[in-house]
Amino acid sequence: MAAFFIVNVEIPNQEDRKSYDEYIEQVKPIVESHGGAYLVRSEQVSLFAGDNAPDRIIVIRFESRQALEACFASTEYAAVKGLREISVKTNAFMVEQ
């Protein structure tokens, strides 16, 4: 069963986002090494319904929940996640299909 990792990102300080840009660059090969395929990775977000649009949306497809969990529990990811944690606010979801 495929698993999708969906992240809404709020970038509080667009002018000083160096740490987040470093994270973006470093996380992609980690995700891909675990079989993750980016379906959406964009800041071109328009509000369709509701109150607030995030600044960025990411959707990643993994072959399974186990592959997704292994990616984000890996030592490689642990080494870079701090760059995201200090620079942006996120809401992340896993959806299985």
# chains A, B, ... in the order shown; residues from 1 in each chain; ligands from 1
call {"tool": "residues_around", "arguments": {"residues": "range 38-48 of chain A", "least_positions_apart": "5", "cutoff": "6 Å", "atoms": "only C-alpha atoms", "output": "PyMOL selection string"}}
result
chain A and resi 53+55-60
call {"tool": "residues_around", "arguments": {"residues": "Thr90 in chain A", "least_positions_apart": "3", "cutoff": "7 Å", "atoms": "only C-alpha atoms", "output": "ChimeraX atom specification"}}
result
/A:7-10
call {"tool": "closest_residue", "arguments": {"among": "A:Met1, A:Val80, A:Leu68, A:Ala37", "to": "Phe93 in chain A", "atoms": "only C-alpha atoms"}}
result
A:Leu68
call {"tool": "select_by_dssp", "arguments": {"residues": "chain A", "states": "alpha helix (DSSP H)", "output": "PyMOL selection string"}}
result
chain A and resi 18-33+65-72+75-85
call {"tool": "write_last_selection", "arguments": {"atoms": "N, CA and C atoms", "output": "CSV table (one decimal), in the first residue's frame"}}
result
chain,number,residue,atom,x,y,z
A,18,LYS,N,17.9,31.1,4.9
A,18,LYS,CA,19.1,30.3,4.5
A,18,LYS,C,19.1,28.9,5.1
A,19,SER,N,18.7,28.7,6.3
A,19,SER,CA,18.7,27.4,6.9
A,19,SER,C,17.7,26.5,6.2
A,20,TYR,N,16.5,27.0,5.9
A,20,TYR,CA,15.5,26.2,5.2
A,20,TYR,C,15.9,25.9,3.8
A,21,ASP,N,16.5,26.8,3.1
A,21,ASP,CA,17.0,26.5,1.8
A,21,ASP,C,18.1,25.4,1.8
A,22,GLU,N,19.0,25.4,2.8
A,22,GLU,CA,20.0,24.4,3.0
A,22,GLU,C,19.3,23.0,3.2
A,23,TYR,N,18.2,23.0,4.0
A,23,TYR,CA,17.5,21.8,4.3
A,23,TYR,C,16.9,21.3,3.0
A,24,ILE,N,16.2,22.2,2.2
A,24,ILE,CA,15.6,21.7,1.0
A,24,ILE,C,16.6,21.0,0.1
A,25,GLU,N,17.8,21.6,0.0
A,25,GLU,CA,18.9,21.0,-0.9
A,25,GLU,C,19.3,19.7,-0.4
A,26,GLN,N,19.5,19.6,0.9
A,26,GLN,CA,20.1,18.3,1.5
A,26,GLN,C,19.1,17.2,1.7
A,27,VAL,N,17.8,17.5,1.9
A,27,VAL,CA,16.8,16.5,2.2
A,27,VAL,C,16.4,15.7,0.9
A,28,LYS,N,16.4,16.3,-0.2
A,28,LYS,CA,15.9,15.6,-1.4
A,28,LYS,C,16.6,14.3,-1.7
A,29,PRO,N,18.0,14.3,-1.7
A,29,PRO,CA,18.7,13.0,-2.0
A,29,PRO,C,18.4,12.0,-0.9
A,30,ILE,N,18.2,12.4,0.3
A,30,ILE,CA,17.9,11.5,1.4
A,30,ILE,C,16.5,10.8,1.1
A,31,VAL,N,15.5,11.6,0.8
A,31,VAL,CA,14.2,11.1,0.5
A,31,VAL,C,14.3,10.1,-0.7
A,32,GLU,N,14.9,10.5,-1.7
A,32,GLU,CA,15.0,9.7,-2.9
A,32,GLU,C,15.8,8.4,-2.7
A,33,SER,N,16.8,8.4,-1.8
A,33,SER,CA,17.5,7.2,-1.5
A,33,SER,C,16.7,6.2,-0.7
A,65,ARG,N,4.3,2.5,4.0
A,65,ARG,CA,4.4,3.2,5.2
A,65,ARG,C,5.8,2.9,5.9
A,66,GLN,N,6.2,1.7,5.8
A,66,GLN,CA,7.5,1.3,6.3
A,66,GLN,C,8.7,2.1,5.7
A,67,ALA,N,8.6,2.3,4.4
A,67,ALA,CA,9.7,3.0,3.7
A,67,ALA,C,9.6,4.5,4.1
A,68,LEU,N,8.4,5.1,4.2
A,68,LEU,CA,8.3,6.5,4.7
A,68,LEU,C,8.9,6.6,6.1
A,69,GLU,N,8.5,5.7,7.0
A,69,GLU,CA,9.0,5.8,8.4
A,69,GLU,C,10.5,5.6,8.4
A,70,ALA,N,11.0,4.7,7.6
A,70,ALA,CA,12.5,4.5,7.6
A,70,ALA,C,13.2,5.7,7.2
A,71,CYS,N,12.7,6.4,6.2
A,71,CYS,CA,13.3,7.6,5.7
A,71,CYS,C,13.5,8.6,6.8
A,72,PHE,N,12.3,8.9,7.5
A,72,PHE,CA,12.4,10.0,8.5
A,72,PHE,C,12.9,9.6,9.8
A,75,THR,N,19.4,8.0,10.2
A,75,THR,CA,20.5,8.9,10.7
A,75,THR,C,20.8,10.1,9.7
A,76,GLU,N,20.6,9.8,8.4
A,76,GLU,CA,20.8,10.9,7.4
A,76,GLU,C,19.8,12.0,7.6
A,77,TYR,N,18.6,11.6,7.8
A,77,TYR,CA,17.6,12.7,8.0
A,77,TYR,C,17.8,13.4,9.3
A,78,ALA,N,18.1,12.6,10.4
A,78,ALA,CA,18.3,13.2,11.7
A,78,ALA,C,19.4,14.3,11.6
A,79,ALA,N,20.4,14.1,10.7
A,79,ALA,CA,21.5,15.1,10.6
A,79,ALA,C,21.1,16.4,10.0
A,80,VAL,N,19.9,16.4,9.2
A,80,VAL,CA,19.5,17.7,8.6
A,80,VAL,C,18.2,18.3,9.1
A,81,LYS,N,17.4,17.5,9.8
A,81,LYS,CA,16.1,18.0,10.2
A,81,LYS,C,16.2,19.3,11.1
A,82,GLY,N,17.3,19.5,11.8
A,82,GLY,CA,17.4,20.7,12.6
A,82,GLY,C,17.3,21.9,11.8
A,83,LEU,N,17.8,21.9,10.6
A,83,LEU,CA,17.8,23.1,9.7
A,83,LEU,C,16.3,23.5,9.4
A,84,ARG,N,15.4,22.5,9.3
A,84,ARG,CA,14.0,22.8,9.1
A,84,ARG,C,13.4,23.3,10.4
A,85,GLU,N,13.7,22.6,11.5
A,85,GLU,CA,13.1,22.9,12.8
A,85,GLU,C,13.4,24.3,13.3
call {"tool": "atom_distance", "arguments": {"atom1": "CA of Glu96 in chain A", "atom2": "CA of Phe4 in chain A"}}
result
6.2 Å
call {"tool": "atom_distance", "arguments": {"atom1": "CA of His34 in chain A", "atom2": "CA of Asn91 in chain A"}}
result
21.2 Å
call {"tool": "atom_distance", "arguments": {"atom1": "CA of Gly35 in chain A", "atom2": "CA of Ser74 in chain A"}}
result
13.0 Å
call {"tool": "closest_residue", "arguments": {"among": "A:Ser64, A:Pro54, A:Gly36, A:Asn13", "to": "Gln97 in chain A", "atoms": "only C-alpha atoms"}}
result
A:Ser64
call {"tool": "select_by_dssp", "arguments": {"residues": "chain A", "states": "strand (DSSP E or B)", "output": "ChimeraX atom specification"}}
result
/A:3-10,37-42,56-62,89-96
call {"tool": "decode", "arguments": {"residues": "range 32-63 of chain A", "atoms": "N, CA and C atoms", "output": "tab-separated table (two decimals), in the first residue's frame"}}
result
chain	number	residue	atom	x	y	z
A	32	GLU	N	14.95	10.51	-1.71
A	32	GLU	CA	15.03	9.68	-2.91
A	32	GLU	C	15.79	8.38	-2.65
A	33	SER	N	16.79	8.40	-1.77
A	33	SER	CA	17.54	7.18	-1.45
A	33	SER	C	16.67	6.16	-0.71
A	34	HIS	N	15.57	6.61	-0.14
A	34	HIS	CA	14.63	5.73	0.55
A	34	HIS	C	13.42	5.41	-0.33
A	35	GLY	N	13.52	5.72	-1.61
A	35	GLY	CA	12.44	5.39	-2.55
A	35	GLY	C	11.34	6.42	-2.63
A	36	GLY	N	11.52	7.56	-2.00
A	36	GLY	CA	10.51	8.62	-2.06
A	36	GLY	C	10.56	9.34	-3.40
A	37	ALA	N	9.38	9.63	-3.94
A	37	ALA	CA	9.27	10.38	-5.19
A	37	ALA	C	8.46	11.64	-4.93
A	38	TYR	N	9.07	12.79	-5.22
A	38	TYR	CA	8.37	14.05	-5.02
A	38	TYR	C	7.29	14.21	-6.10
A	39	LEU	N	6.06	14.40	-5.66
A	39	LEU	CA	4.96	14.68	-6.58
A	39	LEU	C	4.68	16.18	-6.63
A	40	VAL	N	4.85	16.84	-5.49
A	40	VAL	CA	4.67	18.30	-5.40
A	40	VAL	C	5.74	18.83	-4.45
A	41	ARG	N	6.37	19.91	-4.86
A	41	ARG	CA	7.38	20.59	-4.03
A	41	ARG	C	7.38	22.04	-4.50
A	42	SER	N	6.46	22.86	-3.93
A	42	SER	CA	6.23	24.16	-4.54
A	42	SER	C	5.80	25.22	-3.53
A	43	GLU	N	6.15	26.45	-3.86
A	43	GLU	CA	5.67	27.61	-3.13
A	43	GLU	C	4.60	28.36	-3.92
A	44	GLN	N	4.17	27.77	-5.02
A	44	GLN	CA	3.09	28.34	-5.84
A	44	GLN	C	1.76	27.80	-5.32
A	45	VAL	N	1.32	28.32	-4.17
A	45	VAL	CA	0.13	27.84	-3.46
A	45	VAL	C	-0.93	28.93	-3.46
A	46	SER	N	-2.13	28.58	-3.89
A	46	SER	CA	-3.26	29.51	-3.87
A	46	SER	C	-4.35	28.93	-2.97
A	47	LEU	N	-4.92	29.77	-2.14
A	47	LEU	CA	-6.00	29.34	-1.26
A	47	LEU	C	-7.26	29.08	-2.06
A	48	PHE	N	-7.81	27.88	-1.93
A	48	PHE	CA	-9.05	27.50	-2.62
A	48	PHE	C	-10.23	27.57	-1.67
A	49	ALA	N	-10.04	27.14	-0.44
A	49	ALA	CA	-11.08	27.18	0.58
A	49	ALA	C	-10.40	27.23	1.94
A	50	GLY	N	-11.08	27.78	2.91
A	50	GLY	CA	-10.51	27.87	4.25
A	50	GLY	C	-9.98	29.24	4.55
A	51	ASP	N	-9.13	29.31	5.58
A	51	ASP	CA	-8.68	30.61	6.08
A	51	ASP	C	-7.23	30.97	5.74
A	52	ASN	N	-6.36	29.98	5.66
A	52	ASN	CA	-4.93	30.26	5.48
A	52	ASN	C	-4.29	29.28	4.52
A	53	ALA	N	-3.55	29.81	3.58
A	53	ALA	CA	-2.75	28.96	2.68
A	53	ALA	C	-1.34	28.87	3.23
A	54	PRO	N	-0.73	27.69	3.21
A	54	PRO	CA	0.66	27.59	3.62
A	54	PRO	C	1.56	28.27	2.59
A	55	ASP	N	2.79	28.53	2.98
A	55	ASP	CA	3.75	29.15	2.06
A	55	ASP	C	4.33	28.12	1.08
A	56	ARG	N	4.29	26.85	1.48
A	56	ARG	CA	4.89	25.80	0.65
A	56	ARG	C	4.14	24.50	0.92
A	57	ILE	N	4.04	23.65	-0.10
A	57	ILE	CA	3.43	22.33	0.01
A	57	ILE	C	4.41	21.30	-0.56
A	58	ILE	N	4.53	20.19	0.15
A	58	ILE	CA	5.34	19.07	-0.34
A	58	ILE	C	4.48	17.81	-0.28
A	59	VAL	N	4.50	17.03	-1.35
A	59	VAL	CA	3.84	15.72	-1.37
A	59	VAL	C	4.86	14.73	-1.92
A	60	ILE	N	5.12	13.69	-1.11
A	60	ILE	CA	6.09	12.67	-1.48
A	60	ILE	C	5.40	11.32	-1.44
A	61	ARG	N	5.61	10.52	-2.47
A	61	ARG	CA	5.04	9.16	-2.51
A	61	ARG	C	6.12	8.14	-2.17
A	62	PHE	N	5.79	7.25	-1.25
A	62	PHE	CA	6.64	6.12	-0.90
A	62	PHE	C	5.89	4.84	-1.24
A	63	GLU	N	6.60	3.77	-1.47
A	63	GLU	CA	5.97	2.49	-1.80
A	63	GLU	C	5.17	1.92	-0.63
